[in-house]
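Scroll down for the structure; my scribbles are underneath it.
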Amino acid sequence: MVRTDVSRVDALLRQLADSRATAIIEGHNEIDGRSLVAATTAWIDELRRRQVKAGEVCAFIGEFGAQSIPLLLALMSMRAIAMPLTQSALPELERLLAIAGAQWLVRLDAASGSSITQVDKFPQNHLVDQFRQLKHAGLIVFTSGSSGEPKGILHDFERVLGKFDKKRPGWRTLLFLPIDHFGGINTLLGCLAHQGVGICLANRAPETVCAAIAAARAELLPTTPTFLNVLLASGRVSAYDLSSLRLITYGAEPMPQTTLNRITAVFPQAKLKQTYGLSELGVLHSKSPDEKSLWLKVGGDGFESRVIDGVLHIRSQSNMIGYLNAPNPIDQDGWMSTGDFVEQRGDLVRFLGRTSEILNVGGQKVFPAEVEDVLISAPRVADATVFGVPHPLVGQAVCARVSLVAPEDPDAAITRLRAHCREHLAKFKVPMRFEIVDVAAQVSDRNKKLRTVNKQANNE
Amino acid sequence: MDSVREKVIKLVFEVCRPSRPDLSDPSRALLTVGLDSLDYATLLMAIEDSFNVKVPDADLEKVISLDDIVKYVEERKGA
């Protein structure tokens with residue numbers, strides 16, 4: 001474990017305390033750095049009053065907002081171990097608390113007030129015990145495990161903040177990615193460290209996001225290809241003034257070239273940038289030759305990359321401390337296989353899909369992302385997800401779920417989609433089964449697919 | 001309304017496009033009249049979807065030819 005002499009957490013809080021500039025926007029409420037630190041101090045007082053101590057694991061349930069952000073900063077300042085959760089974690093709350101050996105649970109509720117509860121029934125995690133000796137602030141996030149058991153990931157905030165040592169411009173940034181995802185925490189810390197503005201969202205509906213961009217004059221939207229597809233399909237883009245957007249970053253899943261082209265056309269003033277990160281390693285700096293390109297150079301300060309047998313491997317200075325409940329996937333030299341198949345061109349890579357996601361049709365490889373890209377390029381298609389099902393004749397059958405921008409006879413739609421795929425894909429890649437679904441089902445499908453991919457990835 | 005046979009023939013030509021299998025002898029195994037394994041696998045999935053029937057792995061030997069498929073569907077749809 002790396003020990004740093006100067007606390008980056010303290011430096012961040014000092015920087016915020018000196019700032020009168022807006023740091024967070026929640027609705028009509030603008031909070032400057034000094035007020036944010038005042039709210040943080042209030043949380044520290046309350047947590048201390050309740051006997052929360054350094055090194056203790058404190059879970060909290062909430063979304064990014066005027067309560068959760070100072071709470072997170074308070075836990076960092078106290079050298080506690082923060083475990084952010086959202087409402088979606090409630091069905092498996094007990095299990096998550098047990099994995100982390102959580103000692104405290106804070107429920108944030110703007111309407112009825114917050115509650116702090118001591119939970120002392122869970123055995124302490126060995127890795128957390130070791131980490132406590134460093135006296136650093138910690139972060140626990142979860143990723144889906146292969147057997148249905150979520151994996152807890154322990155990070156050292158001092159390492160995580162190291163990525164922001166180099167000063168960069170601050171952006172007015174939508175806090176779109178969830179607080180319980182590493183990407184969400186990375187976005188928030190980037191905002192605060194680079195003196196940007198974090199814009200909180202009541203939810204992630206296209207209408208809400210568009211309204212927030214317009215009202216707060218947001219400059220940076222960090223998001224996913226799925227949301228960009230939903231945004232385009234919602235028809236709400238033209239109803240708002242979104243001209244403030246200067247940068248849209250996307251990651252977490254392969255971006256269909258067609259979606260990228262559409263987004264570029266809809267937001268001509270905004271640059272598009274592909275990001276790449278893993279909860280275990282952090283979010284890497286990335287650079288593409290041009291914004292319409294899916295090729296990118298990943299790495300930058302603190303990261304190294306190499307490709308072995310077509311799979312990207314990363315070594316990062318912000319590596320996690322480890323999994324709480326699974327073997328460490330990082331080798332003794334610090335390298336971790338990402339499980340992402342890439343094509344390589346010089347120092348650029350293009351993501352083809354997860355090694356665990358590749359379909360085998362009669363002995364031939366099919367990357368779902370390639371098929372999805374072709375489907376999305378067909379007329380009147382809003383989005384498409386491609387997956388495999390076992391088939392007794394060909395091993396796996398390629399199946400596609402497609403949502404359309406307007407109602408259409410399903411049989412006619414399937415006929416034209418099949419013809420379109422035949423025209424643009426090798427025969428073995430053409431979906432054998434098509435399902436026409438609505439856009440909402442498609443989003444749920446994509447989210448489920450992402451979870452499945454994560455599960456598979458974490459089993460490798 | 002199309003009969004089961006007419007619908008199955010339409011599906012065969014649909015999944016095989018642009019090639020046109022020779023269905024002049026409907027008792028012949030489809031894999032011998034111009035369908036390859038991908039066409040055949042796709043056809044069976046299309047049959048399942050179009051007629052809302054499930055063809056379990058154990059029944060694959062019952063759906064070898066056009067006649068087989070028509071009989072199989074009609075028996076399950078009570079046609």
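Residues in the structure tokens are numbered from 1 in each chain, the chains being A, B, ... in the order shown, and ligands are numbered from 1 in the order shown.
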Within 8 Å of chain A: residues of chain B, using only C-alpha atoms, as a list in words: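 Residues passing the distance filter: Glu14, Ser37, Leu38, Ala41, Thr42, Leu43, Met45, Ala46 and Asp57 of chain B.
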task: Give me the residues within 12 Å of Leu231 (chain A) as a list in words, counting only C-alpha atoms and dropping any in the same chain fewer than 4 places off.
output: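 Once the adjacent positions are removed, what remains is Arg204, Ala205, Pro206, Glu207, Thr208, Val209, Cys210, Thr223, Thr224, Pro225, Thr226, Phe227, Gly235, Arg236, Val237, Ser238, Ala239, Thr259, Arg262, Ile263, Val266, Phe267, Ala382, Asp383, Val405, Val439, Ala440 and Val443 of chain A.
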Could you write out that same residue set with N, CA and C atoms as a PDB file, in the first residue's frame?
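What follows is the written file again.pdb:
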```
ATOM      1  N   ARG A 204     -32.636  10.558 -13.976  1.00  0.00           N
ATOM      2  CA  ARG A 204     -31.873  10.523 -15.225  1.00  0.00           C
ATOM      3  C   ARG A 204     -32.773  10.420 -16.449  1.00  0.00           C
ATOM      4  N   ALA A 205     -33.999  10.900 -16.319  1.00  0.00           N
ATOM      5  CA  ALA A 205     -34.908  10.928 -17.473  1.00  0.00           C
ATOM      6  C   ALA A 205     -34.399  11.979 -18.466  1.00  0.00           C
ATOM      7  N   PRO A 206     -34.548  11.749 -19.772  1.00  0.00           N
ATOM      8  CA  PRO A 206     -34.056  12.722 -20.757  1.00  0.00           C
ATOM      9  C   PRO A 206     -34.563  14.141 -20.497  1.00  0.00           C
ATOM     10  N   GLU A 207     -35.841  14.238 -20.109  1.00  0.00           N
ATOM     11  CA  GLU A 207     -36.429  15.567 -19.847  1.00  0.00           C
ATOM     12  C   GLU A 207     -35.676  16.265 -18.714  1.00  0.00           C
ATOM     13  N   THR A 208     -35.422  15.524 -17.634  1.00  0.00           N
ATOM     14  CA  THR A 208     -34.737  16.097 -16.464  1.00  0.00           C
ATOM     15  C   THR A 208     -33.322  16.523 -16.833  1.00  0.00           C
ATOM     16  N   VAL A 209     -32.653  15.675 -17.575  1.00  0.00           N
ATOM     17  CA  VAL A 209     -31.262  15.970 -17.945  1.00  0.00           C
ATOM     18  C   VAL A 209     -31.209  17.202 -18.849  1.00  0.00           C
ATOM     19  N   CYS A 210     -32.105  17.255 -19.829  1.00  0.00           N
ATOM     20  CA  CYS A 210     -32.122  18.409 -20.738  1.00  0.00           C
ATOM     21  C   CYS A 210     -32.425  19.695 -19.953  1.00  0.00           C
ATOM     22  N   THR A 223     -21.610  10.480 -19.737  1.00  0.00           N
ATOM     23  CA  THR A 223     -22.761   9.595 -19.825  1.00  0.00           C
ATOM     24  C   THR A 223     -22.392   8.277 -20.508  1.00  0.00           C
ATOM     25  N   THR A 224     -23.412   7.586 -20.981  1.00  0.00           N
ATOM     26  CA  THR A 224     -23.211   6.281 -21.614  1.00  0.00           C
ATOM     27  C   THR A 224     -23.851   6.304 -23.001  1.00  0.00           C
ATOM     28  N   PRO A 225     -23.399   5.448 -23.904  1.00  0.00           N
ATOM     29  CA  PRO A 225     -24.049   5.348 -25.211  1.00  0.00           C
ATOM     30  C   PRO A 225     -25.544   5.046 -25.096  1.00  0.00           C
ATOM     31  N   THR A 226     -25.912   4.229 -24.121  1.00  0.00           N
ATOM     32  CA  THR A 226     -27.341   3.915 -23.948  1.00  0.00           C
ATOM     33  C   THR A 226     -28.145   5.179 -23.695  1.00  0.00           C
ATOM     34  N   PHE A 227     -27.664   6.027 -22.780  1.00  0.00           N
ATOM     35  CA  PHE A 227     -28.425   7.241 -22.503  1.00  0.00           C
ATOM     36  C   PHE A 227     -28.471   8.141 -23.731  1.00  0.00           C
ATOM     37  N   GLY A 235     -36.802  12.653 -28.354  1.00  0.00           N
ATOM     38  CA  GLY A 235     -37.295  13.818 -29.085  1.00  0.00           C
ATOM     39  C   GLY A 235     -37.286  15.097 -28.262  1.00  0.00           C
ATOM     40  N   ARG A 236     -36.616  15.102 -27.095  1.00  0.00           N
ATOM     41  CA  ARG A 236     -36.661  16.269 -26.205  1.00  0.00           C
ATOM     42  C   ARG A 236     -35.500  17.228 -26.435  1.00  0.00           C
ATOM     43  N   VAL A 237     -34.543  16.815 -27.236  1.00  0.00           N
ATOM     44  CA  VAL A 237     -33.338  17.643 -27.402  1.00  0.00           C
ATOM     45  C   VAL A 237     -33.686  19.022 -27.947  1.00  0.00           C
ATOM     46  N   SER A 238     -34.595  19.055 -28.923  1.00  0.00           N
ATOM     47  CA  SER A 238     -34.893  20.335 -29.574  1.00  0.00           C
ATOM     48  C   SER A 238     -35.750  21.234 -28.691  1.00  0.00           C
ATOM     49  N   ALA A 239     -36.306  20.699 -27.595  1.00  0.00           N
ATOM     50  CA  ALA A 239     -37.186  21.506 -26.738  1.00  0.00           C
ATOM     51  C   ALA A 239     -36.403  22.375 -25.759  1.00  0.00           C
ATOM     52  N   THR A 259     -24.643   5.847 -33.567  1.00  0.00           N
ATOM     53  CA  THR A 259     -25.034   6.747 -32.478  1.00  0.00           C
ATOM     54  C   THR A 259     -24.054   7.902 -32.384  1.00  0.00           C
ATOM     55  N   ARG A 262     -24.826  10.353 -35.060  1.00  0.00           N
ATOM     56  CA  ARG A 262     -26.058  11.108 -34.797  1.00  0.00           C
ATOM     57  C   ARG A 262     -25.833  12.176 -33.734  1.00  0.00           C
ATOM     58  N   ILE A 263     -25.125  11.773 -32.656  1.00  0.00           N
ATOM     59  CA  ILE A 263     -24.883  12.713 -31.556  1.00  0.00           C
ATOM     60  C   ILE A 263     -24.027  13.885 -32.052  1.00  0.00           C
ATOM     61  N   VAL A 266     -26.303  16.211 -33.817  1.00  0.00           N
ATOM     62  CA  VAL A 266     -27.277  16.907 -32.959  1.00  0.00           C
ATOM     63  C   VAL A 266     -26.588  17.953 -32.077  1.00  0.00           C
ATOM     64  N   PHE A 267     -25.360  17.676 -31.657  1.00  0.00           N
ATOM     65  CA  PHE A 267     -24.619  18.619 -30.802  1.00  0.00           C
ATOM     66  C   PHE A 267     -23.354  19.081 -31.537  1.00  0.00           C
ATOM     67  N   ALA A 382     -34.377   2.939 -33.022  1.00  0.00           N
ATOM     68  CA  ALA A 382     -33.935   3.777 -31.901  1.00  0.00           C
ATOM     69  C   ALA A 382     -32.726   3.155 -31.210  1.00  0.00           C
ATOM     70  N   ASP A 383     -32.799   1.868 -30.954  1.00  0.00           N
ATOM     71  CA  ASP A 383     -31.692   1.212 -30.251  1.00  0.00           C
ATOM     72  C   ASP A 383     -31.782  -0.293 -30.481  1.00  0.00           C
ATOM     73  N   VAL A 405     -38.267   3.975 -33.629  1.00  0.00           N
ATOM     74  CA  VAL A 405     -38.596   5.357 -33.290  1.00  0.00           C
ATOM     75  C   VAL A 405     -40.089   5.620 -33.431  1.00  0.00           C
ATOM     76  N   VAL A 439     -38.917   1.501 -26.264  1.00  0.00           N
ATOM     77  CA  VAL A 439     -37.646   2.107 -25.860  1.00  0.00           C
ATOM     78  C   VAL A 439     -37.358   1.846 -24.381  1.00  0.00           C
ATOM     79  N   ALA A 440     -38.405   1.905 -23.538  1.00  0.00           N
ATOM     80  CA  ALA A 440     -38.198   1.709 -22.094  1.00  0.00           C
ATOM     81  C   ALA A 440     -37.676   0.292 -21.829  1.00  0.00           C
ATOM     82  N   VAL A 443     -34.008   0.105 -22.654  1.00  0.00           N
ATOM     83  CA  VAL A 443     -33.088   0.648 -21.640  1.00  0.00           C
ATOM     84  C   VAL A 443     -32.883  -0.382 -20.537  1.00  0.00           C
TER      85      VAL A 443
END
```
query: Restricting the calculation to only C-alpha atoms, which member of B:Val53, B:Leu35, B:Val63, B:Val70 is positioned closest to Arg17 (chain B)?
result: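 Under the stated criterion, the closest residue is B:Leu35.
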Please, which residues in region 131-158 of chain A fall within 6 Å of region 73-94 of chain A when counting only C-alpha atoms, and what is the closest atom pair and distance in Å to one decimal for each, ordered by chain then residue number, as a tab-separated table?
```
residue	atom	partner	partner_atom	distance
A:His136	CA	A:Arg79	CA	5.3
A:Ala137	CA	A:Arg79	CA	3.9
A:Gly138	CA	A:Ile81	CA	4.1
A:Leu139	CA	A:Ala82	CA	4.9
A:Ile140	CA	A:Met83	CA	4.8
```
- request: Enumerate the residues of region 207-455 of chain A with a DSSP assignment of strand (DSSP E or B), computed from the backbone, and present them as a ChimeraX atom specification.
  value: /A:220-223,247-250,271-274,276-278,282-287,295-299,303-308,311-316,322-323,335-345,348-354,359-361,364-366,381-391,395-404,433-437
Using C-alpha atoms, can you export the residues from the last selection as a JSON list (two decimals), in the first residue's frame?
```json
[["chain", "number", "residue", "atom", "x", "y", "z"],
["A", 220, "LEU", "CA", -19.89, 18.61, -19.65],
["A", 221, "LEU", "CA", -22.19, 15.61, -19.83],
["A", 222, "PRO", "CA", -20.44, 12.39, -18.76],
["A", 223, "THR", "CA", -22.76, 9.59, -19.82],
["A", 247, "LEU", "CA", -18.06, 18.17, -24.08],
["A", 248, "ILE", "CA", -19.91, 14.86, -23.98],
["A", 249, "THR", "CA", -17.95, 11.94, -22.60],
["A", 250, "TYR", "CA", -19.16, 8.40, -22.95],
["A", 271, "LYS", "CA", -16.78, 17.68, -28.53],
["A", 272, "LEU", "CA", -17.26, 13.99, -27.97],
["A", 273, "LYS", "CA", -14.76, 12.01, -26.00],
["A", 274, "GLN", "CA", -14.64, 8.34, -25.24],
["A", 276, "TYR", "CA", -12.38, 4.22, -20.35],
["A", 277, "GLY", "CA", -12.30, 3.00, -16.81],
["A", 278, "LEU", "CA", -12.86, 0.12, -14.48],
["A", 282, "GLY", "CA", -9.96, 4.07, -11.98],
["A", 283, "VAL", "CA", -10.89, 6.17, -14.99],
["A", 284, "LEU", "CA", -8.08, 6.58, -17.50],
["A", 285, "HIS", "CA", -7.27, 9.62, -19.55],
["A", 286, "SER", "CA", -8.10, 9.00, -23.18],
["A", 287, "LYS", "CA", -7.57, 10.74, -26.49],
["A", 295, "TRP", "CA", -10.10, 4.62, -31.84],
["A", 296, "LEU", "CA", -8.46, 6.02, -28.77],
["A", 297, "LYS", "CA", -5.25, 6.17, -26.85],
["A", 298, "VAL", "CA", -5.77, 5.20, -23.24],
["A", 299, "GLY", "CA", -3.42, 5.81, -20.38],
["A", 303, "PHE", "CA", -1.64, 4.55, -16.14],
["A", 304, "GLU", "CA", 0.11, 2.08, -18.45],
["A", 305, "SER", "CA", -1.52, -0.21, -20.97],
["A", 306, "ARG", "CA", -0.53, -3.22, -23.06],
["A", 307, "VAL", "CA", -2.40, -5.72, -25.24],
["A", 308, "ILE", "CA", -1.95, -9.46, -24.75],
["A", 311, "VAL", "CA", -7.07, -8.26, -24.53],
["A", 312, "LEU", "CA", -6.26, -4.90, -22.94],
["A", 313, "HIS", "CA", -4.23, -4.97, -19.72],
["A", 314, "ILE", "CA", -3.85, -1.91, -17.49],
["A", 315, "ARG", "CA", -1.47, -0.95, -14.70],
["A", 316, "SER", "CA", -2.67, 1.98, -12.64],
["A", 322, "GLY", "CA", -8.47, -5.07, -3.43],
["A", 323, "TYR", "CA", -11.74, -6.93, -3.44],
["A", 335, "TRP", "CA", -1.19, -5.45, -14.16],
["A", 336, "MET", "CA", -4.83, -6.38, -14.51],
["A", 337, "SER", "CA", -6.58, -7.93, -17.49],
["A", 338, "THR", "CA", -9.55, -5.73, -18.30],
["A", 339, "GLY", "CA", -11.41, -8.49, -20.13],
["A", 340, "ASP", "CA", -11.92, -6.12, -23.05],
["A", 341, "PHE", "CA", -11.06, -7.34, -26.53],
["A", 342, "VAL", "CA", -9.43, -4.56, -28.55],
["A", 343, "GLU", "CA", -8.12, -4.03, -32.03],
["A", 344, "GLN", "CA", -4.73, -2.29, -32.04],
["A", 345, "ARG", "CA", -3.34, 0.30, -34.48],
["A", 348, "LEU", "CA", -4.46, 3.40, -30.50],
["A", 349, "VAL", "CA", -7.03, 0.78, -29.58],
["A", 350, "ARG", "CA", -10.64, 0.20, -30.56],
["A", 351, "PHE", "CA", -12.93, -1.71, -28.23],
["A", 352, "LEU", "CA", -14.60, -4.74, -29.76],
["A", 353, "GLY", "CA", -16.42, -6.09, -26.72],
["A", 354, "ARG", "CA", -15.95, -8.11, -23.59],
["A", 359, "LEU", "CA", -20.76, -15.25, -29.13],
["A", 360, "ASN", "CA", -19.73, -18.46, -30.79],
["A", 361, "VAL", "CA", -21.96, -19.32, -33.73],
["A", 364, "GLN", "CA", -17.22, -18.38, -35.53],
["A", 365, "LYS", "CA", -16.85, -15.33, -33.29],
["A", 366, "VAL", "CA", -19.55, -12.67, -33.21],
["A", 381, "VAL", "CA", -34.27, 2.13, -35.32],
["A", 382, "ALA", "CA", -33.94, 3.78, -31.90],
["A", 383, "ASP", "CA", -31.69, 1.21, -30.25],
["A", 384, "ALA", "CA", -30.68, -2.42, -30.39],
["A", 385, "THR", "CA", -29.19, -4.98, -28.04],
["A", 386, "VAL", "CA", -27.70, -8.23, -29.25],
["A", 387, "PHE", "CA", -27.13, -11.34, -27.18],
["A", 388, "GLY", "CA", -26.73, -15.07, -27.57],
["A", 389, "VAL", "CA", -28.92, -17.96, -26.56],
["A", 390, "PRO", "CA", -27.86, -21.61, -26.54],
["A", 391, "HIS", "CA", -28.83, -23.43, -29.72],
["A", 395, "GLY", "CA", -23.92, -23.61, -30.34],
["A", 396, "GLN", "CA", -25.24, -20.12, -29.86],
["A", 397, "ALA", "CA", -27.86, -18.20, -31.78],
["A", 398, "VAL", "CA", -27.54, -14.45, -32.25],
["A", 399, "CYS", "CA", -30.68, -12.68, -31.03],
["A", 400, "ALA", "CA", -31.58, -9.02, -31.30],
["A", 401, "ARG", "CA", -33.98, -6.82, -29.38],
["A", 402, "VAL", "CA", -34.75, -3.69, -31.30],
["A", 403, "SER", "CA", -36.75, -0.58, -30.41],
["A", 404, "LEU", "CA", -38.15, 1.61, -33.17],
["A", 433, "ARG", "CA", -34.27, -14.03, -33.83],
["A", 434, "PHE", "CA", -35.58, -10.50, -33.63],
["A", 435, "GLU", "CA", -37.82, -9.03, -30.97],
["A", 436, "ILE", "CA", -39.38, -5.62, -31.36],
["A", 437, "VAL", "CA", -39.63, -3.87, -27.98]]
```
task: Figure out the distance between CA of Leu36 (chain A) and CA of Gly302 (chain A), please, to one decimal in Å.
output: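 Answer for the CA of Gly302 (chain A) to CA of Leu36 (chain A) separation: 29.1 Å.
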message: Report, in Å to a single decimal, how far apart CA of Leu105 (chain A) and CA of Thr117 (chain A) are.
response: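 That distance, rounded to one decimal, is 5.2 Å.
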message: I'd like the neighbourhood of Val4 (chain B) as an MDAnalysis selection string, where a residue qualifies if any of its atoms comes within 9 Å (using only C-alpha atoms), though same-chain residues fewer than 6 positions away should be ignored.
response: chainID B and resid 51 70:71 73:74 79
- request: Mind checking which residues fall within 10 Å of Ala21 (chain A), counting only C-alpha atoms, ignoring those fewer than 3 positions away in the same chain, and posting them as a PyMOL selection string?
  value: chain A and resi 16+18+24+30-35+195-197
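In terms of minimum interatomic distance to Glu158 (chain A), A:Ser318 ranks closest within A:Thr264, A:Leu417, A:Ser318, A:Pro178, counting only C-alpha atoms.
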- request: Return the single residue from B:Val15, B:Val55, B:Leu23, B:Leu60 that is closest to Asp36 (chain B), with distances computed using only C-alpha atoms.
  value: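 Under the stated criterion, the closest residue is B:Val15.
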- request: Please report, as a ChimeraX atom specification, each residue of chain B to which DSSP assigns helix (DSSP H, G or I) when run on this structure's backbone.
  value: /B:4-16,30-32,37-51,57-62,66-77
Just the selected residues (N, CA and C atoms), exported as a short mmCIF file (atom, residue, chain, number, x, y, z; two decimals), in the first residue's frame, please.
```cif
data_model
loop_
_atom_site.label_atom_id
_atom_site.label_comp_id
_atom_site.auth_asym_id
_atom_site.auth_seq_id
_atom_site.Cartn_x
_atom_site.Cartn_y
_atom_site.Cartn_z
N VAL B 4 -51.05 -22.97 -42.60
CA VAL B 4 -49.77 -23.19 -41.93
C VAL B 4 -48.69 -23.46 -42.98
N ARG B 5 -49.01 -24.28 -43.99
CA ARG B 5 -48.02 -24.62 -45.01
C ARG B 5 -47.55 -23.36 -45.75
N GLU B 6 -48.50 -22.52 -46.12
CA GLU B 6 -48.12 -21.30 -46.85
C GLU B 6 -47.22 -20.41 -45.99
N LYS B 7 -47.57 -20.31 -44.71
CA LYS B 7 -46.75 -19.46 -43.82
C LYS B 7 -45.35 -20.05 -43.65
N VAL B 8 -45.26 -21.36 -43.52
CA VAL B 8 -43.94 -21.97 -43.35
C VAL B 8 -43.09 -21.76 -44.62
N ILE B 9 -43.73 -21.95 -45.78
CA ILE B 9 -42.98 -21.74 -47.03
C ILE B 9 -42.48 -20.30 -47.12
N LYS B 10 -43.34 -19.37 -46.72
CA LYS B 10 -42.92 -17.96 -46.74
C LYS B 10 -41.70 -17.75 -45.83
N LEU B 11 -41.75 -18.36 -44.66
CA LEU B 11 -40.63 -18.20 -43.72
C LEU B 11 -39.35 -18.83 -44.27
N VAL B 12 -39.50 -19.99 -44.95
CA VAL B 12 -38.31 -20.63 -45.52
C VAL B 12 -37.65 -19.67 -46.52
N PHE B 13 -38.45 -19.11 -47.41
CA PHE B 13 -37.86 -18.21 -48.41
C PHE B 13 -37.32 -16.93 -47.76
N GLU B 14 -38.03 -16.50 -46.71
CA GLU B 14 -37.59 -15.27 -46.00
C GLU B 14 -36.19 -15.47 -45.37
N VAL B 15 -36.02 -16.58 -44.67
CA VAL B 15 -34.73 -16.75 -43.97
C VAL B 15 -33.60 -17.12 -44.93
N CYS B 16 -33.95 -17.62 -46.12
CA CYS B 16 -32.90 -18.06 -47.06
C CYS B 16 -32.50 -16.98 -48.07
N LEU B 30 -34.77 -30.40 -45.17
CA LEU B 30 -34.50 -29.02 -45.61
C LEU B 30 -33.01 -28.77 -45.81
N LEU B 31 -32.19 -29.47 -45.02
CA LEU B 31 -30.74 -29.28 -45.15
C LEU B 31 -30.20 -29.86 -46.46
N THR B 32 -31.04 -30.52 -47.22
CA THR B 32 -30.58 -31.08 -48.51
C THR B 32 -31.18 -30.35 -49.70
N SER B 37 -26.92 -24.81 -42.23
CA SER B 37 -27.28 -24.95 -40.81
C SER B 37 -27.76 -23.62 -40.21
N LEU B 38 -27.18 -22.49 -40.69
CA LEU B 38 -27.63 -21.20 -40.17
C LEU B 38 -29.06 -20.90 -40.60
N ASP B 39 -29.35 -21.18 -41.89
CA ASP B 39 -30.72 -20.97 -42.39
C ASP B 39 -31.70 -21.82 -41.58
N TYR B 40 -31.31 -23.07 -41.39
CA TYR B 40 -32.22 -24.02 -40.73
C TYR B 40 -32.46 -23.60 -39.27
N ALA B 41 -31.37 -23.22 -38.57
CA ALA B 41 -31.51 -22.77 -37.18
C ALA B 41 -32.39 -21.52 -37.11
N THR B 42 -32.17 -20.61 -38.06
CA THR B 42 -32.98 -19.38 -38.10
C THR B 42 -34.45 -19.71 -38.38
N LEU B 43 -34.66 -20.65 -39.29
CA LEU B 43 -36.03 -21.03 -39.64
C LEU B 43 -36.76 -21.58 -38.41
N LEU B 44 -36.10 -22.45 -37.67
CA LEU B 44 -36.77 -23.03 -36.50
C LEU B 44 -37.13 -21.95 -35.48
N MET B 45 -36.26 -20.97 -35.31
CA MET B 45 -36.58 -19.89 -34.36
C MET B 45 -37.73 -19.04 -34.90
N ALA B 46 -37.75 -18.83 -36.21
CA ALA B 46 -38.84 -18.05 -36.81
C ALA B 46 -40.16 -18.81 -36.71
N ILE B 47 -40.10 -20.12 -36.85
CA ILE B 47 -41.31 -20.95 -36.70
C ILE B 47 -41.84 -20.81 -35.26
N GLU B 48 -40.92 -20.89 -34.31
CA GLU B 48 -41.34 -20.76 -32.90
C GLU B 48 -42.02 -19.42 -32.66
N ASP B 49 -41.41 -18.36 -33.20
CA ASP B 49 -41.96 -17.03 -32.97
C ASP B 49 -43.28 -16.82 -33.70
N SER B 50 -43.36 -17.28 -34.95
CA SER B 50 -44.55 -17.02 -35.76
C SER B 50 -45.76 -17.81 -35.29
N PHE B 51 -45.52 -19.04 -34.84
CA PHE B 51 -46.65 -19.89 -34.46
C PHE B 51 -46.78 -20.04 -32.94
N ASP B 57 -35.20 -29.36 -27.92
CA ASP B 57 -34.09 -30.06 -28.58
C ASP B 57 -34.47 -31.50 -28.93
N ALA B 58 -35.24 -32.12 -28.05
CA ALA B 58 -35.59 -33.53 -28.26
C ALA B 58 -36.49 -33.72 -29.48
N ASP B 59 -37.10 -32.63 -29.95
CA ASP B 59 -38.03 -32.75 -31.09
C ASP B 59 -37.37 -32.41 -32.42
N LEU B 60 -36.07 -32.14 -32.41
CA LEU B 60 -35.42 -31.70 -33.65
C LEU B 60 -35.60 -32.72 -34.77
N GLU B 61 -35.62 -33.99 -34.43
CA GLU B 61 -35.76 -35.01 -35.48
C GLU B 61 -37.19 -35.06 -36.04
N LYS B 62 -38.09 -34.31 -35.41
CA LYS B 62 -39.47 -34.28 -35.91
C LYS B 62 -39.71 -33.12 -36.86
N LEU B 66 -40.08 -29.94 -44.77
CA LEU B 66 -41.19 -29.00 -44.80
C LEU B 66 -42.46 -29.69 -44.28
N ASP B 67 -42.70 -30.90 -44.78
CA ASP B 67 -43.88 -31.64 -44.31
C ASP B 67 -43.84 -31.86 -42.81
N ASP B 68 -42.66 -32.21 -42.30
CA ASP B 68 -42.51 -32.43 -40.85
C ASP B 68 -42.92 -31.19 -40.07
N ILE B 69 -42.40 -30.04 -40.53
CA ILE B 69 -42.64 -28.80 -39.79
C ILE B 69 -44.13 -28.46 -39.80
N VAL B 70 -44.74 -28.60 -40.98
CA VAL B 70 -46.17 -28.28 -41.09
C VAL B 70 -46.97 -29.19 -40.15
N LYS B 71 -46.65 -30.47 -40.18
CA LYS B 71 -47.36 -31.43 -39.31
C LYS B 71 -47.14 -31.07 -37.82
N TYR B 72 -45.90 -30.76 -37.51
CA TYR B 72 -45.54 -30.46 -36.12
C TYR B 72 -46.34 -29.26 -35.61
N VAL B 73 -46.40 -28.21 -36.44
CA VAL B 73 -47.10 -26.99 -36.03
C VAL B 73 -48.61 -27.27 -35.95
N GLU B 74 -49.13 -27.94 -36.95
CA GLU B 74 -50.59 -28.18 -36.97
C GLU B 74 -51.03 -29.00 -35.76
N GLU B 75 -50.21 -29.98 -35.40
CA GLU B 75 -50.57 -30.80 -34.24
C GLU B 75 -50.62 -29.96 -32.96
N ARG B 76 -49.70 -29.02 -32.87
CA ARG B 76 -49.63 -28.21 -31.65
C ARG B 76 -50.60 -27.04 -31.65
N LYS B 77 -51.02 -26.63 -32.84
CA LYS B 77 -51.97 -25.51 -32.91
C LYS B 77 -53.40 -26.02 -33.09
#
```
